[in-house]
Structures are given as C-alpha cells and as structure tokens.
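Asker: Supplied in structure tokens, the structure appears directly below.
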Amino acid sequence: MKQSFSDISLNTNGEGFTNITSNIESWISQMRFDTGILLLSIKHTSCSLLINENADPRVLDDLSRFMKAIVPEEGIPRIFPNERRQPYNHAEEGPDDMPAHIRTALTATSIGLSIEKRTIVLGSWQGVYLWEHRYSNHVRKVRLHAIGDFS
Amino acid sequence: MKQSFSDISLNTNGEGFTNITSNIESWISQMRFDTGILLLSIKHTSCSLLINENADPRVLDDLSRFMKAIVPEEGIPRIFPNERRQPYNHAEEGPDDMPAHIRTALTATSIGLSIEKRTIVLGSWQGVYLWEHRYSNHVRKVRLHAIGDFS
Amino acid sequence: MKQSFSDISLNTNGEGFTNITSNIESWISQMRFDTGILLLSIKHTSCSLLINENADPRVLDDLSRFMKAIVPEEGIPRIFPNERRQPYNHAEEGPDDMPAHIRTALTATSIGLSIEKRTIVLGSWQGVYLWEHRYSNHVRKVRLHAIGDFS
C-alpha cells in the first residue's frame, strides 16, 4: 500500500459543468494507480465537485437553472409571502460571488472515489463534474490524493 | 494495512429512506475489517446517501416533505413573486426523474466512515440511510471500499 | 502506511460557524501525521462540516441568513403561490431542531482532507468550519481518522 498525490488544473468557461472523468482517469493511469481510494478536493470556494448524469445534457442545464433559482443573484430568497427581500452583504466581488459561495456550500467540495483496475467505479450513467459557479473563466485546481496499490 | 471492496445491492420501495447501517456492519464483519476508513459510493444519479437521525421517524418524513417542496415535480421554483414558472427540459423519464437528479446533487453520493473494532463510529442518534428519490421500486448498488487493518 | 484516530471536542455558541482548521492541524501535529488522507466525521445530526471562505466574515453571515430563509423554522416552504404552509411534525425538541436536521442533510457530515507535510492542502481562501445549526450552546464531537505516513 502506497500513496500518491498532486493537483490538476482545469479551465472553466463561465457557470456550468466540465466533465473531468477522463482527466482523473488519465492521472490514475499516469500514476500507475491500480486499486484503492482516490480523494478529490477542490481548492476554491466558488465551484464544486458533482457526480451526476452523463447522458442527456438537459439534466445539467436543469440543474444549473434550478441552482440559479434557489440561490438567486438578487439576494436571500423570500420563502414566505410577507418577508422582506434581503440583499447579500458580501457584494464587493460581483453579483455572482456570494451566490457561488452558497452554491458551493450546498454541494460537494470533497469526494471519495473507489478505484479498481485503474478505473473509477461508477454506475453506467454517472460522470464526475467540476461545477463552476462564477460567470467568468477561471483556472481551477483539484487535489487528487490516492492511497492503495500501484504497479 | 490492506484493502477490500465490493458492491452491495439494496431494494428500495419508492421515495423514502432505507436504514443501511446494519447492512454495512454485516459486510464489515464478513470481510473481517477491523479498523480503518470505509468509503461508500452510490452507483446511481437519482438516489443519495445520508447520515441523519435514527430515532423519531417523523424526522425522515419531514426531510422528505421538505425536499419535495424545495425541488418540486412541477418545475424550477419561483423564488421571487414575478418570476415565470419554468418546467424541466429533461422530462422523458417521468415527472420524478429530474427532481431526483437535483435532490441527488443537493445531498451526498459518497460518504467516508471511520471504522473501529468492526463498528461504524457514529453518534448515538445517527443512522446511515439510502435515500431513494424515484417513485417506483429500484435495486440500488452501493460500492463499499475499505482500507485498514483486517483480521 | 499506518493509521491513527480519535475524537476532538468543540464548544459551539449557538447557530453559526467555528473555524476548526487550527484544531485539526494541532491534532495532525500531535499525532505526527505527515502525509495521507484525513477523514472528518461529525457525530451529530444537527450540525455540519463546511469548507468555505475564510476571509470576509460577511460570507458566513450571508450563508447563515440564506440557510435560515430556505429552511425556515416556521415549517416546510411554500414554493408555489397556492400551496398550503405545512408545519414540521417533529417539533418536540424545539423550533430549531427539525430545521437543524434538514440543514445538516443539505450540507456535509463527512469530509476527506489531503494532508501533506503536516498541513491540510487547502486553497488560499479556504477554511474548515463546524457549522452549528442549533440555537443553544453545545459540545460537538468530530471524529478524525488518518491513514498515511507518520514520523
């Protein structure tokens, strides 16, 4: 049993999803990591890691529309009719910044993957995604830390 | 230090919760896994893993009612009064499918457990649940991957 | 490769955030844990673990206000205009208890951290927080389980 770790960099192109399944499997192959646990950790507070459907792209579109509705740019949602609408107080970094922190808190920033025979053990319809919550392009770093058997 | 892994299958009975704590502890016992980290990963995109209260069943009922309210079948929620209500675009697989993907994104698909003396280290009121988000019955697979000391 | 584990206790002071980054790093140093994976698990069902921004405290305030709005004490949110407002059925333990269970379900109860040279691998703006969802003070236990190289 050994370990190996490094960061991988990914370019995002505004709010939305980047399928990173093959990026992770390339890293696994390069490290000669055969079987074990691989921990993914995002090094940012305004994007997330997500495992969700890899087939119909409208699933990802609907996820994105849902998240924008429930964590709106305009401020804290009014759930009950007579509530006052409240703006965010953390507003200096742009209207998409505080919603991005909240969307990150509601999703995952660290995910464990089971690796067998150099492959991520996933269901047929699962892909691993980086979910960018900011509106401009970013370079995002994901930490990969593997513990298990290498060849 | 060694590792061991396999899938376990679970039958769900429509939307709701299945307590899988004893299923996991049976697997631990069968594998003679004494102490280490156990990673659980769900191999589906419309059900989740959850650690929550194991005592009053109304906690789980309220969780379920909350999730149905916040991720409704009818489409993307209108948070602000004058917004237009938007249907989901991914609709072919039934009215419960897209909400199930969103509910999965808002909860956990991979959970790490600390195992000591063949027991999951949990608080007194914690149970490990499979949360089915679809309305019909399903067979669900959970991957278990253990790293640590075996006897 | 070895392992080490124990619980740490933390005092919370009502709903809000406690930065536990340095508590975890003290434990790492005391255990002489150099490099590996550290699993954090919360042993309660009404508080969470969170990795989010460590700079502007208004980010945490906005997170807290958002969570109170979306998971209100008053009962299940009405998303569509003509819905009936529904109280929680699990109400005996106080008006903040059921919302706390839901807020826990929407956030993380187990987080994996990559450790290198006795330091948590985090981005510049990331801190690790215990998020208390109850309104009174509590003593909270977090399980730490490390697998990797010790010195």
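By convention here, the chains of the structure tokens are called A, B, ... in the order presented, each chain's residues are numbered starting at 1, and ligands are numbered starting at 1 in the order presented.
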I need the residues of stretch 1-144 of chain C that end up classed as helix (DSSP H, G or I) by DSSP on the backbone, written out as a PDB file with C-alpha atoms, in the first residue's frame.

Answerer:
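Written output follows (states.pdb):
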```
ATOM      1  CA  THR C  21      -8.670  24.477  10.766  1.00  0.00           C
ATOM      2  CA  SER C  22      -6.120  25.048  13.505  1.00  0.00           C
ATOM      3  CA  ASN C  23      -7.738  22.474  15.822  1.00  0.00           C
ATOM      4  CA  ILE C  24      -7.267  19.879  13.075  1.00  0.00           C
ATOM      5  CA  GLU C  25      -3.696  20.961  12.395  1.00  0.00           C
ATOM      6  CA  SER C  26      -2.882  20.705  16.115  1.00  0.00           C
ATOM      7  CA  TRP C  27      -4.187  17.135  16.109  1.00  0.00           C
ATOM      8  CA  ILE C  28      -2.118  16.332  12.989  1.00  0.00           C
ATOM      9  CA  SER C  29       0.999  17.714  14.645  1.00  0.00           C
ATOM     10  CA  GLN C  30       0.353  15.877  17.918  1.00  0.00           C
ATOM     11  CA  MET C  31      -0.172  12.575  16.055  1.00  0.00           C
ATOM     12  CA  PRO C  57     -16.888  37.218   7.724  1.00  0.00           C
ATOM     13  CA  ARG C  58     -19.925  38.532   5.823  1.00  0.00           C
ATOM     14  CA  VAL C  59     -19.703  35.442   3.600  1.00  0.00           C
ATOM     15  CA  LEU C  60     -20.505  33.316   6.643  1.00  0.00           C
ATOM     16  CA  ASP C  61     -23.263  35.707   7.737  1.00  0.00           C
ATOM     17  CA  ASP C  62     -24.857  35.556   4.296  1.00  0.00           C
ATOM     18  CA  LEU C  63     -24.583  31.748   4.302  1.00  0.00           C
ATOM     19  CA  SER C  64     -26.345  31.663   7.636  1.00  0.00           C
ATOM     20  CA  ARG C  65     -29.112  34.051   6.508  1.00  0.00           C
ATOM     21  CA  PHE C  66     -29.594  32.057   3.302  1.00  0.00           C
ATOM     22  CA  MET C  67     -29.922  28.786   5.193  1.00  0.00           C
ATOM     23  CA  LYS C  68     -32.434  30.262   7.648  1.00  0.00           C
ATOM     24  CA  ALA C  69     -34.536  31.559   4.733  1.00  0.00           C
ATOM     25  CA  ILE C  70     -34.523  28.351   2.722  1.00  0.00           C
ATOM     26  CA  ASP C  97     -34.406  21.133  15.872  1.00  0.00           C
ATOM     27  CA  MET C  98     -36.112  19.941  12.679  1.00  0.00           C
ATOM     28  CA  PRO C  99     -34.629  22.807  10.614  1.00  0.00           C
ATOM     29  CA  ALA C 100     -31.215  21.774  12.020  1.00  0.00           C
ATOM     30  CA  HIS C 101     -31.682  18.185  10.770  1.00  0.00           C
ATOM     31  CA  ILE C 102     -32.630  19.474   7.296  1.00  0.00           C
ATOM     32  CA  ARG C 103     -29.708  21.943   7.183  1.00  0.00           C
ATOM     33  CA  THR C 104     -27.430  19.034   8.117  1.00  0.00           C
ATOM     34  CA  ALA C 105     -28.872  16.914   5.276  1.00  0.00           C
TER      35      ALA C 105
END
```

Asker: What are the closest atom pairs, with distances in Å to one decimal, for all residues of chain B lying within 9 Å of chain A? Consider only C-alpha atoms, order rows by chain and residue number, and present the result as a Markdown table.

Answerer:
```
| residue | atom | partner | partner_atom | distance |
| --- | --- | --- | --- | --- |
| B:Met1 | CA | A:Met1 | CA | 7.0 |
| B:Lys2 | CA | A:Met1 | CA | 7.1 |
| B:Gln3 | CA | A:Gly36 | CA | 7.3 |
| B:Ser4 | CA | A:Gly36 | CA | 8.8 |
| B:Phe5 | CA | A:Ser114 | CA | 8.5 |
| B:Leu39 | CA | A:Gly112 | CA | 6.9 |
| B:Leu40 | CA | A:Gly112 | CA | 8.3 |
| B:Ser41 | CA | A:Leu113 | CA | 7.2 |
| B:Ile42 | CA | A:Gly123 | CA | 8.0 |
| B:Lys43 | CA | A:Gly123 | CA | 4.3 |
| B:His44 | CA | A:Gly123 | CA | 5.8 |
| B:Thr45 | CA | A:Asn52 | CA | 5.3 |
| B:Ser46 | CA | A:Asn52 | CA | 8.4 |
| B:Ile70 | CA | A:Ile70 | CA | 8.3 |
| B:Val71 | CA | A:Phe66 | CA | 8.3 |
| B:Gly75 | CA | A:Phe66 | CA | 8.6 |
| B:Ile76 | CA | A:Phe66 | CA | 5.5 |
| B:Pro77 | CA | A:Ala69 | CA | 6.5 |
| B:Arg78 | CA | A:Ala69 | CA | 6.8 |
| B:Ile79 | CA | A:Pro77 | CA | 6.0 |
| B:Phe80 | CA | A:Arg78 | CA | 6.9 |
| B:Pro81 | CA | A:Pro81 | CA | 8.6 |
| B:Tyr88 | CA | A:Asp62 | CA | 6.1 |
| B:Asn89 | CA | A:Arg58 | CA | 6.2 |
| B:His90 | CA | A:Arg58 | CA | 5.4 |
| B:Met98 | CA | A:Val59 | CA | 6.8 |
| B:His101 | CA | A:Asn52 | CA | 7.1 |
| B:Ile102 | CA | A:Leu63 | CA | 6.0 |
| B:Thr104 | CA | A:Asn52 | CA | 7.9 |
| B:Ala105 | CA | A:Thr107 | CA | 6.5 |
| B:Leu106 | CA | A:Thr107 | CA | 5.6 |
| B:Thr107 | CA | A:Thr107 | CA | 7.0 |
| B:Ala108 | CA | A:Ala108 | CA | 7.6 |
| B:Thr109 | CA | A:Ile51 | CA | 7.2 |
| B:Ser110 | CA | A:Gly112 | CA | 6.1 |
| B:Ile111 | CA | A:Gly112 | CA | 7.3 |
| B:Gly112 | CA | A:Gly112 | CA | 7.4 |
| B:Lys141 | CA | A:Gly123 | CA | 8.6 |
| B:Arg143 | CA | A:Ser114 | CA | 7.6 |
| B:Leu144 | CA | A:Ser114 | CA | 8.1 |
| B:His145 | CA | A:Ser114 | CA | 6.3 |
| B:Ala146 | CA | A:Ile37 | CA | 8.4 |
| B:Ile147 | CA | A:Gly36 | CA | 7.7 |
```

Asker: Excluding C:Asp34 and its own-chain neighbours fewer than 6 positions away, which residues fall within 6 Å of it when counting only C-alpha atoms? Please give them as a list in words.

Answerer: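 Once the nearby chain positions are removed, what remains is Lys117, Arg118, Asp149 and Phe150 of chain C.
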
Asker: Could you give me the residues within chain A that DSSP places in strand (DSSP E or B), as an NGL selection string?

Answerer: :A and (2-13 or 16-19 or 33-42 or 47-53 or 76 or 86 or 108 or 110-116 or 119-120 or 126-132 or 137-150)

Asker: Next, the residues of the selection above should be written as an mmCIF file, in the first residue's frame with C-alpha atoms.

Answerer:
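As a result, out_39.cif now contains:
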```cif
data_model
loop_
_atom_site.group_PDB
_atom_site.id
_atom_site.type_symbol
_atom_site.label_atom_id
_atom_site.label_comp_id
_atom_site.auth_asym_id
_atom_site.auth_seq_id
_atom_site.Cartn_x
_atom_site.Cartn_y
_atom_site.Cartn_z
ATOM 1 C CA LYS A 2 1.411 3.370 -1.078
ATOM 2 C CA GLN A 3 0.203 6.876 -1.760
ATOM 3 C CA SER A 4 0.482 9.487 -4.497
ATOM 4 C CA PHE A 5 -0.954 12.980 -4.873
ATOM 5 C CA SER A 6 -0.864 16.112 -6.967
ATOM 6 C CA ASP A 7 -3.048 18.953 -8.231
ATOM 7 C CA ILE A 8 -4.621 19.019 -11.665
ATOM 8 C CA SER A 9 -5.623 22.301 -13.328
ATOM 9 C CA LEU A 10 -8.837 22.763 -15.266
ATOM 10 C CA ASN A 11 -10.085 25.709 -17.299
ATOM 11 C CA THR A 12 -13.722 26.652 -16.826
ATOM 12 C CA ASN A 13 -15.727 28.748 -19.225
ATOM 13 C CA GLY A 16 -21.609 25.339 -15.896
ATOM 14 C CA PHE A 17 -20.171 21.852 -15.909
ATOM 15 C CA THR A 18 -16.881 20.324 -17.052
ATOM 16 C CA ASN A 19 -16.785 16.534 -17.246
ATOM 17 C CA PHE A 33 -2.569 3.633 -9.547
ATOM 18 C CA ASP A 34 -4.317 0.264 -9.755
ATOM 19 C CA THR A 35 -6.725 -0.149 -6.847
ATOM 20 C CA GLY A 36 -7.609 1.988 -3.856
ATOM 21 C CA ILE A 37 -9.351 5.136 -2.694
ATOM 22 C CA LEU A 38 -8.899 8.413 -4.553
ATOM 23 C CA LEU A 39 -9.861 11.607 -2.740
ATOM 24 C CA LEU A 40 -10.778 14.664 -4.838
ATOM 25 C CA SER A 41 -10.730 18.079 -3.141
ATOM 26 C CA ILE A 42 -11.487 21.386 -4.779
ATOM 27 C CA CYS A 47 -17.028 25.908 -7.538
ATOM 28 C CA SER A 48 -17.985 22.329 -6.636
ATOM 29 C CA LEU A 49 -17.456 18.674 -7.412
ATOM 30 C CA LEU A 50 -20.505 16.730 -8.587
ATOM 31 C CA ILE A 51 -21.308 13.181 -9.622
ATOM 32 C CA ASN A 52 -24.424 13.192 -11.787
ATOM 33 C CA GLU A 53 -25.928 12.030 -15.084
ATOM 34 C CA ILE A 76 -31.720 35.914 0.054
ATOM 35 C CA GLN A 86 -32.687 40.913 1.712
ATOM 36 C CA ALA A 108 -19.657 18.851 -2.527
ATOM 37 C CA SER A 110 -14.534 16.771 -1.423
ATOM 38 C CA ILE A 111 -15.486 13.417 -2.953
ATOM 39 C CA GLY A 112 -14.037 9.936 -2.436
ATOM 40 C CA LEU A 113 -13.842 7.555 -5.410
ATOM 41 C CA SER A 114 -13.320 3.794 -5.401
ATOM 42 C CA ILE A 115 -10.681 2.797 -7.975
ATOM 43 C CA GLU A 116 -10.404 -0.751 -9.322
ATOM 44 C CA THR A 119 -10.889 2.674 -13.481
ATOM 45 C CA ILE A 120 -13.237 4.819 -11.394
ATOM 46 C CA GLN A 126 -22.501 8.663 -13.747
ATOM 47 C CA GLY A 127 -19.882 11.237 -14.666
ATOM 48 C CA VAL A 128 -17.609 13.312 -12.419
ATOM 49 C CA TYR A 129 -18.019 17.051 -12.946
ATOM 50 C CA LEU A 130 -16.419 20.291 -11.903
ATOM 51 C CA TRP A 131 -19.310 22.737 -11.426
ATOM 52 C CA GLU A 132 -18.164 26.324 -11.965
ATOM 53 C CA ASN A 137 -13.463 31.975 -16.922
ATOM 54 C CA HIS A 138 -11.244 30.522 -14.217
ATOM 55 C CA VAL A 139 -8.335 28.142 -13.779
ATOM 56 C CA ARG A 140 -9.429 25.694 -11.079
ATOM 57 C CA LYS A 141 -7.238 23.303 -9.127
ATOM 58 C CA VAL A 142 -8.420 19.916 -7.925
ATOM 59 C CA ARG A 143 -6.277 17.966 -5.480
ATOM 60 C CA LEU A 144 -6.019 14.225 -6.157
ATOM 61 C CA HIS A 145 -4.781 12.020 -3.329
ATOM 62 C CA ALA A 146 -4.606 8.259 -3.886
ATOM 63 C CA ILE A 147 -3.996 5.528 -1.320
ATOM 64 C CA GLY A 148 -3.793 1.901 -2.418
ATOM 65 C CA ASP A 149 -1.857 -0.427 -4.694
ATOM 66 C CA PHE A 150 0.315 0.864 -7.524
#
```
